[in-house]
$ cat entry-v6.cif   # mmCIF, N, CA and C atoms
data_input
loop_
_atom_site.label_atom_id
_atom_site.label_comp_id
_atom_site.auth_asym_id
_atom_site.auth_seq_id
_atom_site.Cartn_x
_atom_site.Cartn_y
_atom_site.Cartn_z
N MET A 183 91.15 113.83 102.56
CA MET A 183 90.43 112.59 102.80
C MET A 183 89.34 112.84 103.84
N ILE A 184 88.18 112.24 103.64
CA ILE A 184 87.04 112.41 104.55
C ILE A 184 87.20 111.44 105.72
N ASP A 185 87.00 111.94 106.94
CA ASP A 185 87.11 111.10 108.13
C ASP A 185 86.05 110.00 108.11
N ASP A 186 86.41 108.86 108.66
CA ASP A 186 85.50 107.71 108.75
C ASP A 186 84.68 107.85 110.03
N THR A 187 83.41 108.22 109.86
CA THR A 187 82.51 108.39 111.00
C THR A 187 81.23 107.60 110.73
N PRO A 188 80.44 107.35 111.76
CA PRO A 188 79.16 106.67 111.53
C PRO A 188 78.28 107.40 110.51
N GLU A 189 78.33 108.73 110.53
CA GLU A 189 77.53 109.50 109.57
C GLU A 189 78.01 109.27 108.15
N ILE A 190 79.32 109.23 107.96
CA ILE A 190 79.89 108.99 106.63
C ILE A 190 79.54 107.59 106.17
N ARG A 191 79.64 106.61 107.05
CA ARG A 191 79.28 105.24 106.67
C ARG A 191 77.81 105.15 106.29
N GLU A 192 76.96 105.89 106.99
CA GLU A 192 75.54 105.91 106.64
C GLU A 192 75.33 106.52 105.26
N GLN A 193 76.05 107.61 104.98
CA GLN A 193 75.95 108.23 103.66
C GLN A 193 76.43 107.27 102.57
N LEU A 194 77.53 106.59 102.82
CA LEU A 194 78.05 105.63 101.84
C LEU A 194 77.05 104.51 101.60
N SER A 195 76.46 103.99 102.67
CA SER A 195 75.45 102.94 102.52
C SER A 195 74.27 103.42 101.70
N ASP A 196 73.84 104.64 101.95
CA ASP A 196 72.73 105.22 101.18
C ASP A 196 73.09 105.31 99.70
N HIS A 197 74.32 105.77 99.42
CA HIS A 197 74.76 105.88 98.02
C HIS A 197 74.81 104.51 97.34
N TRP A 198 75.38 103.51 98.02
CA TRP A 198 75.46 102.17 97.43
C TRP A 198 74.07 101.61 97.18
N GLN A 199 73.15 101.85 98.10
CA GLN A 199 71.78 101.36 97.92
C GLN A 199 71.13 102.03 96.72
N LYS A 200 71.29 103.34 96.59
CA LYS A 200 70.72 104.07 95.45
C LYS A 200 71.32 103.59 94.13
N ILE A 201 72.63 103.39 94.11
CA ILE A 201 73.30 102.91 92.90
C ILE A 201 72.78 101.52 92.54
N SER A 202 72.66 100.66 93.54
CA SER A 202 72.17 99.30 93.30
C SER A 202 70.77 99.32 92.74
N LEU A 203 69.89 100.12 93.32
CA LEU A 203 68.52 100.21 92.84
C LEU A 203 68.45 100.77 91.43
N GLU A 204 69.31 101.73 91.12
CA GLU A 204 69.35 102.30 89.77
C GLU A 204 69.78 101.24 88.76
N LEU A 205 70.75 100.43 89.10
CA LEU A 205 71.19 99.36 88.20
C LEU A 205 70.06 98.36 87.96
N ILE A 206 69.32 98.04 89.01
CA ILE A 206 68.19 97.11 88.88
C ILE A 206 67.12 97.73 87.99
N LYS A 207 66.85 99.03 88.17
CA LYS A 207 65.87 99.72 87.32
C LYS A 207 66.30 99.71 85.85
N ARG A 208 67.61 99.71 85.61
CA ARG A 208 68.13 99.69 84.24
C ARG A 208 68.06 98.30 83.61
N GLY A 209 67.66 97.31 84.41
CA GLY A 209 67.46 95.98 83.86
C GLY A 209 68.41 94.90 84.34
N PHE A 210 69.40 95.27 85.15
CA PHE A 210 70.30 94.24 85.68
C PHE A 210 69.55 93.43 86.73
N GLN A 211 69.82 92.13 86.78
CA GLN A 211 69.17 91.28 87.77
C GLN A 211 69.70 91.63 89.16
N ALA A 212 68.78 91.71 90.12
CA ALA A 212 69.16 92.06 91.49
C ALA A 212 70.25 91.13 92.02
N GLN A 213 70.12 89.84 91.74
CA GLN A 213 71.10 88.87 92.21
C GLN A 213 72.49 89.23 91.70
N SER A 214 72.59 89.57 90.43
CA SER A 214 73.88 89.93 89.84
C SER A 214 74.43 91.22 90.43
N VAL A 215 73.55 92.20 90.64
CA VAL A 215 73.99 93.48 91.20
C VAL A 215 74.59 93.26 92.59
N PHE A 216 73.86 92.56 93.45
CA PHE A 216 74.33 92.43 94.82
C PHE A 216 75.50 91.46 94.96
N GLU A 217 75.55 90.42 94.13
CA GLU A 217 76.71 89.52 94.17
C GLU A 217 77.96 90.24 93.72
N SER A 218 77.85 91.06 92.67
CA SER A 218 79.03 91.78 92.20
C SER A 218 79.45 92.84 93.22
N LEU A 219 78.48 93.50 93.85
CA LEU A 219 78.79 94.48 94.88
C LEU A 219 79.53 93.81 96.04
N LEU A 220 79.06 92.64 96.44
CA LEU A 220 79.71 91.90 97.51
C LEU A 220 81.13 91.48 97.12
N THR A 221 81.28 90.98 95.89
CA THR A 221 82.59 90.53 95.42
C THR A 221 83.60 91.68 95.39
N VAL A 222 83.17 92.81 94.85
CA VAL A 222 84.05 93.98 94.79
C VAL A 222 84.37 94.47 96.20
N GLY A 223 83.36 94.51 97.06
CA GLY A 223 83.57 94.95 98.44
C GLY A 223 84.54 94.06 99.20
N LEU A 224 84.38 92.75 99.03
CA LEU A 224 85.28 91.82 99.71
C LEU A 224 86.70 91.94 99.19
N ALA A 225 86.84 92.09 97.87
CA ALA A 225 88.18 92.26 97.30
C ALA A 225 88.84 93.52 97.84
N GLY A 226 88.06 94.59 97.95
CA GLY A 226 88.59 95.82 98.51
C GLY A 226 88.95 95.67 99.98
N HIS A 227 88.11 94.94 100.73
CA HIS A 227 88.38 94.71 102.15
C HIS A 227 89.68 93.93 102.31
N VAL A 228 89.88 92.92 101.48
CA VAL A 228 91.13 92.14 101.54
C VAL A 228 92.32 93.05 101.24
N GLU A 229 92.16 93.92 100.25
CA GLU A 229 93.25 94.83 99.87
C GLU A 229 93.61 95.78 101.01
N VAL A 230 92.60 96.25 101.74
CA VAL A 230 92.83 97.21 102.81
C VAL A 230 93.23 96.54 104.12
N HIS A 231 92.56 95.42 104.46
CA HIS A 231 92.72 94.81 105.79
C HIS A 231 93.45 93.47 105.78
N GLY A 232 93.59 92.85 104.64
CA GLY A 232 94.24 91.55 104.57
C GLY A 232 93.24 90.40 104.64
N LYS A 233 93.72 89.23 104.25
CA LYS A 233 92.86 88.06 104.17
C LYS A 233 92.37 87.60 105.54
N GLU A 234 93.25 87.61 106.53
CA GLU A 234 92.86 87.11 107.86
C GLU A 234 91.75 87.98 108.47
N MET A 235 91.92 89.29 108.41
CA MET A 235 90.90 90.19 108.97
C MET A 235 89.59 90.05 108.20
N THR A 236 89.67 89.88 106.89
CA THR A 236 88.46 89.71 106.09
C THR A 236 87.76 88.41 106.45
N ALA A 237 88.54 87.35 106.64
CA ALA A 237 87.95 86.07 107.03
C ALA A 237 87.26 86.19 108.39
N LEU A 238 87.88 86.89 109.32
CA LEU A 238 87.27 87.09 110.64
C LEU A 238 85.97 87.90 110.52
N LYS A 239 85.97 88.91 109.65
CA LYS A 239 84.78 89.73 109.45
C LYS A 239 83.65 88.90 108.86
N ILE A 240 83.98 88.08 107.85
CA ILE A 240 82.97 87.21 107.22
C ILE A 240 82.42 86.22 108.24
N ALA A 241 83.28 85.65 109.07
CA ALA A 241 82.84 84.69 110.09
C ALA A 241 81.90 85.37 111.09
N ALA A 242 82.21 86.61 111.47
CA ALA A 242 81.35 87.34 112.41
C ALA A 242 79.99 87.62 111.79
N ILE A 243 79.98 87.99 110.52
CA ILE A 243 78.71 88.23 109.83
C ILE A 243 77.91 86.94 109.73
N ALA A 244 78.58 85.83 109.44
CA ALA A 244 77.90 84.53 109.35
C ALA A 244 77.28 84.16 110.69
N ARG A 245 77.99 84.39 111.78
CA ARG A 245 77.44 84.10 113.11
C ARG A 245 76.21 84.96 113.38
N GLN A 246 76.28 86.23 113.01
CA GLN A 246 75.16 87.14 113.22
C GLN A 246 73.94 86.69 112.41
N LEU A 247 74.16 86.31 111.17
CA LEU A 247 73.05 85.84 110.33
C LEU A 247 72.46 84.55 110.88
N SER A 248 73.30 83.64 111.34
CA SER A 248 72.81 82.39 111.93
C SER A 248 71.96 82.66 113.16
N GLU A 249 72.39 83.61 113.96
CA GLU A 249 71.63 83.98 115.16
C GLU A 249 70.27 84.57 114.76
N GLN A 250 70.25 85.39 113.73
CA GLN A 250 68.99 85.96 113.25
C GLN A 250 68.05 84.87 112.75
N VAL A 251 68.60 83.90 112.02
CA VAL A 251 67.79 82.79 111.51
C VAL A 251 67.21 82.00 112.67
N ARG A 252 68.03 81.77 113.70
CA ARG A 252 67.56 81.03 114.87
C ARG A 252 66.43 81.77 115.57
N HIS A 253 66.58 83.08 115.75
CA HIS A 253 65.53 83.88 116.39
C HIS A 253 64.24 83.87 115.56
N GLU A 254 64.38 83.97 114.25
CA GLU A 254 63.20 83.94 113.38
C GLU A 254 62.49 82.60 113.47
N ALA A 255 63.24 81.51 113.51
CA ALA A 255 62.64 80.18 113.61
C ALA A 255 61.92 80.03 114.95
N GLU A 256 62.52 80.55 116.01
CA GLU A 256 61.87 80.50 117.32
C GLU A 256 60.57 81.32 117.31
N ALA A 257 60.58 82.47 116.67
CA ALA A 257 59.39 83.31 116.60
C ALA A 257 58.28 82.63 115.81
N VAL A 258 58.64 81.96 114.72
CA VAL A 258 57.65 81.23 113.92
C VAL A 258 57.05 80.10 114.74
N ALA A 259 57.90 79.35 115.43
CA ALA A 259 57.42 78.24 116.26
C ALA A 259 56.51 78.75 117.37
N GLU A 260 56.88 79.87 117.97
CA GLU A 260 56.07 80.46 119.03
C GLU A 260 54.72 80.93 118.49
N ALA A 261 54.71 81.53 117.32
CA ALA A 261 53.47 82.00 116.71
C ALA A 261 52.56 80.83 116.36
N GLN A 262 53.15 79.75 115.85
CA GLN A 262 52.37 78.56 115.51
C GLN A 262 51.77 77.95 116.76
N ALA A 263 52.53 77.89 117.83
CA ALA A 263 52.02 77.33 119.09
C ALA A 263 50.91 78.20 119.65
N ALA A 264 51.04 79.51 119.49
CA ALA A 264 50.01 80.43 120.02
C ALA A 264 48.70 80.32 119.24
N THR A 265 48.78 80.06 117.96
CA THR A 265 47.56 79.96 117.16
C THR A 265 46.85 78.63 117.34
N LYS A 266 47.55 77.64 117.88
CA LYS A 266 46.92 76.33 118.12
C LYS A 266 46.05 76.36 119.37
N ASN A 267 46.29 77.32 120.24
CA ASN A 267 45.54 77.40 121.50
C ASN A 267 44.28 78.16 121.33
#
$ encode --input "entry-v6.cif" --output "structure tokens"
Amino acid sequence: MIDDTPEIREQLSDHWQKISLELIKRGFQAQSVFESLLTVGLAGHVEVHGKEMTALKIAAIARQLSEQVRHEAEAVAEAQAATKN
């Protein structure tokens, strides 16, 4: 078994991205590719870590995305205010 390291995770991410892009090139809709990838990944995460840990992981990701949206909205508002002056 290959050890779980940041380098291995980076390699896996690269492989998943390449596979996803290849499927899109073959004609699959991007939305379907990424939704199915997410569904399979979440099912695997539940299998390995359990429902509670998966729920906590999803909640953490949701908080991170919300924070990013908030920062982006602040940046847009700041840019709009700067262009008015």
$ atom_distance --input "entry-v6.cif" --atom1 "atom N of A:Ala242" --atom2 "atom CA of A:Leu224"
13.2 Å
$ residues_near_point --input "entry-v6.cif" --point "(71.2, 98.0, 94.6)" --cutoff "10 Å" --atoms "only C-alpha atoms" --output "list in words"
Asp196, His197, Trp198, Gln199, Lys200, Ile201, Ser202, Leu203, Glu204, Leu205, Ile206, Lys207, Phe210, Gln211, Ala212, Gln213, Ser214, Val215, Phe216 and Leu219 of chain A
$ atom_distance --input "entry-v6.cif" --atom1 "atom CA of A:Glu217" --atom2 "atom CA of A:His231"
20.5 Å
$ atom_distance --input "entry-v6.cif" --atom1 "atom CA of A:Lys266" --atom2 "atom C of A:Glu254"
17.4 Å
